[in-house]
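A.B. asks: Here you go, query28.cif (mmCIF, C-alpha atoms and all ligand atoms):
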```
data_protein
#
loop_
_atom_site.group_PDB
_atom_site.id
_atom_site.type_symbol
_atom_site.label_atom_id
_atom_site.label_comp_id
_atom_site.auth_asym_id
_atom_site.auth_seq_id
_atom_site.Cartn_x
_atom_site.Cartn_y
_atom_site.Cartn_z
ATOM 1 C CA MET B 1 147.669 126.752 -7.026
ATOM 2 C CA LYS B 2 143.982 125.809 -6.992
ATOM 3 C CA ASN B 3 141.746 127.634 -9.454
ATOM 4 C CA ASN B 4 138.920 129.013 -7.300
ATOM 5 C CA GLU B 5 136.779 129.635 -10.362
ATOM 6 C CA LEU B 6 136.869 126.012 -11.470
ATOM 7 C CA PRO B 7 134.334 124.604 -8.948
ATOM 8 C CA LYS B 8 131.853 127.283 -10.115
ATOM 9 C CA LYS B 9 132.489 126.415 -13.754
ATOM 10 C CA ILE B 10 132.015 122.680 -13.042
ATOM 11 C CA ALA B 11 128.768 123.399 -11.157
ATOM 12 C CA SER B 12 127.547 125.568 -14.073
ATOM 13 C CA SER B 13 128.426 122.798 -16.546
ATOM 14 C CA LEU B 14 126.457 120.227 -14.524
ATOM 15 C CA GLU B 15 123.509 122.623 -14.306
ATOM 16 C CA LYS B 16 123.688 123.107 -18.075
ATOM 17 C CA LEU B 17 123.555 119.330 -18.605
ATOM 18 C CA ASN B 18 120.593 119.102 -16.257
ATOM 19 C CA GLN B 19 118.917 121.851 -18.273
ATOM 20 C CA VAL B 20 119.502 119.889 -21.514
ATOM 21 C CA GLN B 21 117.901 116.840 -19.898
ATOM 22 C CA ARG B 22 114.903 118.912 -18.779
ATOM 23 C CA ILE B 23 114.437 120.466 -22.229
ATOM 24 C CA LEU B 24 114.624 117.101 -23.985
ATOM 25 C CA GLN B 25 112.233 115.512 -21.473
ATOM 26 C CA TRP B 26 109.896 118.489 -21.689
ATOM 27 C CA GLU B 27 109.561 117.948 -25.455
ATOM 28 C CA VAL B 28 108.325 114.397 -24.761
ATOM 29 C CA ALA B 29 106.195 115.526 -21.799
ATOM 30 C CA LYS B 30 104.296 118.018 -23.978
ATOM 31 C CA LYS B 31 103.669 115.430 -26.679
ATOM 32 C CA GLU B 32 102.444 112.808 -24.177
ATOM 33 C CA GLN B 33 100.669 115.298 -21.863
ATOM 34 C CA LEU B 34 102.685 114.176 -18.841
ATOM 35 C CA SER B 35 104.408 116.288 -16.211
ATOM 36 C CA PRO B 36 108.224 115.954 -15.936
ATOM 37 C CA ILE B 37 107.893 114.178 -12.577
ATOM 38 C CA GLN B 38 105.396 111.691 -14.056
ATOM 39 C CA ILE B 39 107.991 110.982 -16.756
ATOM 40 C CA GLN B 40 110.660 110.445 -14.091
ATOM 41 C CA PHE B 41 108.376 107.996 -12.278
ATOM 42 C CA LEU B 42 107.713 105.956 -15.434
ATOM 43 C CA LEU B 43 111.462 105.731 -16.124
ATOM 44 C CA TYR B 44 112.134 104.750 -12.503
ATOM 45 C CA LEU B 45 109.467 102.008 -12.564
ATOM 46 C CA ASN B 46 110.942 100.675 -15.803
ATOM 47 C CA ASP B 47 114.477 100.564 -14.359
ATOM 48 C CA HIS B 48 113.789 99.021 -10.943
ATOM 49 C CA GLY B 49 112.744 95.628 -9.606
ATOM 50 C CA GLU B 50 109.529 94.855 -7.712
ATOM 51 C CA ALA B 51 110.966 95.504 -4.242
ATOM 52 C CA LEU B 52 111.722 99.149 -5.102
ATOM 53 C CA ARG B 53 108.517 99.922 -7.012
ATOM 54 C CA THR B 54 106.444 101.343 -4.146
ATOM 55 C CA VAL B 55 105.171 104.823 -3.246
ATOM 56 C CA THR B 56 107.579 104.823 -0.278
ATOM 57 C CA HIS B 57 110.613 104.174 -2.479
ATOM 58 C CA LEU B 58 109.506 106.757 -5.042
ATOM 59 C CA SER B 59 109.143 109.356 -2.314
ATOM 60 C CA GLU B 60 112.639 108.532 -0.941
ATOM 61 C CA GLU B 61 114.264 108.473 -4.371
ATOM 62 C CA PHE B 62 112.801 111.806 -5.533
ATOM 63 C CA ASP B 63 112.739 113.562 -2.142
ATOM 64 C CA LEU B 64 108.982 114.137 -2.376
ATOM 65 C CA THR B 65 106.216 113.674 0.167
ATOM 66 C CA LYS B 66 104.142 110.493 -0.081
ATOM 67 C CA ALA B 67 101.063 112.665 -0.789
ATOM 68 C CA THR B 68 102.750 114.264 -3.842
ATOM 69 C CA VAL B 69 103.883 110.860 -5.096
ATOM 70 C CA SER B 70 100.394 109.372 -4.562
ATOM 71 C CA ASP B 71 98.837 112.196 -6.648
ATOM 72 C CA ALA B 72 101.210 111.575 -9.563
ATOM 73 C CA VAL B 73 100.719 107.798 -9.237
ATOM 74 C CA SER B 74 96.908 108.247 -9.344
ATOM 75 C CA THR B 75 97.211 110.336 -12.527
ATOM 76 C CA LEU B 76 99.414 107.701 -14.162
ATOM 77 C CA THR B 77 96.990 104.963 -13.054
ATOM 78 C CA ASN B 78 93.995 106.906 -14.473
ATOM 79 C CA LYS B 79 95.860 107.373 -17.760
ATOM 80 C CA GLY B 80 96.351 103.589 -17.871
ATOM 81 C CA PHE B 81 100.154 103.707 -17.760
ATOM 82 C CA ILE B 82 100.601 101.863 -14.441
ATOM 83 C CA ILE B 83 98.647 99.471 -12.223
ATOM 84 C CA LYS B 84 98.846 98.890 -8.472
ATOM 85 C CA ILE B 85 99.280 95.280 -7.358
ATOM 86 C CA GLN B 86 98.482 94.431 -3.742
ATOM 87 C CA GLN B 87 101.419 92.734 -1.986
ATOM 88 C CA GLU B 88 100.799 89.223 -0.651
ATOM 89 C CA THR B 89 102.843 89.845 2.507
ATOM 90 C CA ASP B 90 101.332 93.245 3.370
ATOM 91 C CA LYS B 91 97.777 93.935 2.148
ATOM 92 C CA ARG B 92 98.186 97.707 2.820
ATOM 93 C CA SER B 93 101.149 97.954 0.479
ATOM 94 C CA HIS B 94 101.129 97.998 -3.337
ATOM 95 C CA VAL B 95 103.744 97.313 -6.004
ATOM 96 C CA LEU B 96 103.533 99.658 -8.994
ATOM 97 C CA GLU B 97 103.809 98.073 -12.420
ATOM 98 C CA LEU B 98 103.937 99.515 -15.933
ATOM 99 C CA THR B 99 101.091 98.449 -18.222
ATOM 100 C CA LYS B 100 101.687 97.696 -21.933
ATOM 101 C CA GLU B 101 100.687 101.317 -22.640
ATOM 102 C CA GLY B 102 103.159 102.458 -19.961
ATOM 103 C CA ILE B 103 105.984 100.461 -21.569
ATOM 104 C CA VAL B 104 105.200 102.058 -24.970
ATOM 105 C CA ILE B 105 105.407 105.523 -23.374
ATOM 106 C CA VAL B 106 108.727 104.639 -21.676
ATOM 107 C CA GLU B 107 110.135 103.563 -25.049
ATOM 108 C CA ARG B 108 109.105 106.925 -26.519
ATOM 109 C CA ILE B 109 110.531 108.829 -23.549
ATOM 110 C CA ALA B 110 113.781 106.866 -23.822
ATOM 111 C CA GLY B 111 114.320 108.617 -27.172
ATOM 112 C CA TRP B 112 115.752 111.688 -25.397
ATOM 113 C CA ARG B 113 118.371 109.494 -23.744
ATOM 114 C CA GLY B 114 119.435 108.330 -27.204
ATOM 115 C CA ARG B 115 120.531 111.850 -28.114
ATOM 116 C CA LEU B 116 122.535 112.146 -24.917
ATOM 117 C CA LEU B 117 124.074 108.680 -25.389
ATOM 118 C CA GLU B 118 125.143 109.503 -28.950
ATOM 119 C CA SER B 119 127.077 112.516 -27.654
ATOM 120 C CA ILE B 120 128.671 110.585 -24.778
ATOM 121 C CA ASP B 121 129.691 107.841 -27.193
ATOM 122 C CA THR B 122 131.905 110.275 -29.101
ATOM 123 C CA PHE B 123 134.334 110.132 -26.131
ATOM 124 C CA SER B 124 136.933 107.337 -25.915
ATOM 125 C CA ASP B 125 136.420 104.402 -23.482
ATOM 126 C CA GLU B 126 139.129 105.842 -21.250
ATOM 127 C CA GLU B 127 137.477 109.276 -21.168
ATOM 128 C CA GLN B 128 134.077 107.724 -20.424
ATOM 129 C CA THR B 129 135.554 105.739 -17.502
ATOM 130 C CA HIS B 130 137.177 108.917 -16.190
ATOM 131 C CA ILE B 131 133.917 110.917 -16.410
ATOM 132 C CA PHE B 132 131.973 108.071 -14.748
ATOM 133 C CA ASP B 133 134.540 107.835 -11.942
ATOM 134 C CA LEU B 134 134.441 111.590 -11.234
ATOM 135 C CA LEU B 135 130.637 111.746 -11.311
ATOM 136 C CA ASN B 136 130.435 108.707 -9.012
ATOM 137 C CA ARG B 137 132.775 110.311 -6.518
ATOM 138 C CA LEU B 138 130.757 113.518 -6.630
ATOM 139 C CA ILE B 139 127.513 111.590 -5.963
ATOM 140 C CA VAL B 140 129.167 109.711 -3.069
ATOM 141 C CA LYS B 141 130.336 113.010 -1.545
ATOM 142 C CA LEU B 142 126.872 114.584 -1.912
ATOM 143 C CA SER B 143 125.299 111.452 -0.455
ATOM 144 C CA ARG B 144 127.660 111.467 2.576
ATOM 145 C CA ASP B 145 126.904 115.187 3.065
ATOM 146 C CA LYS B 146 123.154 114.283 2.997
ATOM 147 C CA VAL B 147 122.525 116.508 -0.045
ATOM 148 C CA ILE B 148 121.304 113.408 -1.907
ATOM 149 C CA SER B 149 119.118 111.233 0.298
ATOM 150 C CA VAL B 150 119.291 107.959 -1.673
ATOM 151 C CA ALA B 151 122.231 107.145 -3.945
ATOM 152 C CA ARG B 152 121.576 103.389 -4.240
ATOM 153 C CA MET B 153 124.999 102.813 -5.817
ATOM 154 C CA CYS B 154 127.820 100.376 -4.971
ATOM 155 C CA ASN B 155 130.158 102.938 -3.378
ATOM 156 C CA THR B 156 127.620 103.749 -0.641
ATOM 157 C CA CYS B 157 126.281 100.189 -0.220
ATOM 158 C CA GLY B 158 126.812 97.927 2.813
ATOM 159 C CA ASN B 159 127.736 95.059 0.450
ATOM 160 C CA PHE B 160 130.563 97.030 -1.194
ATOM 161 C CA LEU B 161 134.154 95.922 -0.599
ATOM 162 C CA VAL B 162 137.323 97.609 -1.837
ATOM 163 C CA ILE B 163 139.756 94.867 -2.941
ATOM 164 C CA ASN B 164 142.525 97.123 -4.248
ATOM 165 C CA LYS B 165 142.121 100.917 -4.083
ATOM 166 C CA MET B 166 145.157 101.673 -6.305
ATOM 167 C CA LYS B 167 143.879 99.356 -9.041
ATOM 168 C CA SER B 168 140.224 100.405 -8.476
ATOM 169 C CA LEU B 169 139.217 96.792 -7.900
ATOM 170 C CA TYR B 170 136.005 96.181 -5.950
ATOM 171 C CA LYS B 171 133.728 93.335 -4.896
ATOM 172 C CA CYS B 172 130.030 92.890 -4.109
ATOM 173 C CA ASN B 173 129.750 90.904 -0.875
ATOM 174 C CA LEU B 174 126.280 89.711 -1.882
ATOM 175 C CA THR B 175 126.979 88.326 -5.361
ATOM 176 C CA GLY B 176 130.721 87.689 -4.895
ATOM 177 C CA GLU B 177 131.331 89.500 -8.180
ATOM 178 C CA GLU B 178 134.553 91.492 -8.583
ATOM 179 C CA PHE B 179 134.501 94.604 -10.749
ATOM 180 C CA SER B 180 136.312 97.815 -11.658
ATOM 181 C CA ILE B 181 134.940 101.382 -11.950
ATOM 182 C CA ASN B 182 132.867 100.570 -15.040
ATOM 183 C CA GLY B 183 131.064 97.787 -13.131
ATOM 184 C CA ILE B 184 129.769 100.078 -10.383
ATOM 185 C CA ASN B 185 126.016 99.676 -10.157
ATOM 186 C CA LEU B 186 123.540 102.555 -9.914
ATOM 187 C CA GLY B 187 119.950 101.971 -8.780
ATOM 188 C CA CYS B 188 120.705 98.429 -7.544
ATOM 189 C CA ASP B 189 117.700 96.444 -6.201
ATOM 190 C CA PHE B 190 119.876 94.787 -3.539
ATOM 191 C CA TYR B 191 121.421 97.973 -2.182
ATOM 192 C CA ILE B 192 121.647 98.182 1.602
ATOM 193 C CA ASN B 193 122.505 101.278 3.628
ATOM 194 C CA SER B 194 126.057 101.158 4.936
HETATM 195 S S1 LIG B 201 124.325 94.877 -3.558
HETATM 196 FE FE1 LIG B 201 124.158 96.084 -5.457
HETATM 197 S S2 LIG B 201 124.803 98.157 -4.886
HETATM 198 FE FE2 LIG B 201 125.463 96.781 -3.259
HETATM 199 S S3 LIG B 201 127.605 96.278 -3.795
HETATM 200 FE FE3 LIG B 201 126.272 94.650 -4.623
HETATM 201 S S4 LIG B 201 125.859 95.282 -6.738
HETATM 202 FE FE4 LIG B 201 126.625 97.094 -5.641
#
```
Let me see the structure of the file written as structure tokens.
C.D. replies:
Amino acid sequence: MKNNELPKKIASSLEKLNQVQRILQWEVAKKEQLSPIQIQFLLYLNDHGEALRTVTHLSEEFDLTKATVSDAVSTLTNKGFIIKIQQETDKRSHVLELTKEGIVIVERIAGWRGRLLESIDTFSDEEQTHIFDLLNRLIVKLSRDKVISVARMCNTCGNFLVINKMKSLYKCNLTGEEFSINGINLGCDFYINS
């Protein structure tokens, strides 16, 4: 029989983890005098390629209006952490790039991730794969239900092919690469909507 309390407990556990992330990021935010969303933007710009580093992509990724994103981007530009580079193909559009100062801040911010990674690393490889698989499937479900607007991960990408479902063997139609659960990409620059 299904335990009706379990979904609530899982949701509470995920919320708790989110709270830990917010607390750890808030410690850095206070030190660096940045808002949590400005921190998220710096991390995003560090993790993504040129094509995804625009105000439009930031607003899609974080479910924020372009005006809100532009305000935060202006603050980060004034603080000297990012610069706007005009695109050759479209003079009205800009690519956002971290400055040297921005990269230093990202390295400091990344410290909070270290504490999380240390804890995750105490689990066996098998357990980590299992957790990753379950979280992936949850993100895919939320993405299909339109709770998450942009997942940008293999399972929801138009280039994603399932080679063998039982063996969890997949392939990227773009690169030709075959991979298992651990190879699933998150935040891929070449993601296309399926
Ligand atoms: S393009 Fe990127 S997200 Fe899409 S299947 Fe290939 S690696 Fe995964």
A.B. asks: Within 12 Å of ligand LIG 201 (chain B), which residues show up when you count all atoms listed in the file? List them as a VMD selection string, please.
C.D. replies: chain B and resid 150 to 162 170 to 194
A.B. asks: The PyMOL selection byres (((chain B and resi 97) around 10) and not hetatm) - which residues does that actually catch in the file I just gave you? List them as a PyMOL selection string.
C.D. replies: chain B and resi 42+45-46+49-50+53-54+77+81-85+94-96+98-100+102-103
A.B. asks: Within 12 Å of stretch 111-114 of chain B, which residues of stretch 28-101 of chain B come that close, and what is the closest atom pair and distance in Å for each? Count all atoms listed in the file and give it as a Markdown table.
C.D. replies:
```
| residue | atom | partner | partner_atom | distance |
| --- | --- | --- | --- | --- |
| B:Val28 | CA | B:Trp112 | CA | 7.9 |
| B:Ala29 | CA | B:Trp112 | CA | 10.9 |
| B:Ile39 | CA | B:Trp112 | CA | 11.6 |
| B:Leu43 | CA | B:Arg113 | CA | 11.0 |
```
A.B. asks: With all atoms listed in the file as the atoms that count, which of B:Leu14, B:Val55, B:Ser143, B:Ser124 lies nearest to B:Thr68?
C.D. replies: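 The closest residue to B:Thr68 is B:Val55.
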A.B. asks: Work out how far atom CA of B:Ile37 is from atom CA of B:Thr75, in Å to one decimal.
C.D. replies: 11.4 Å
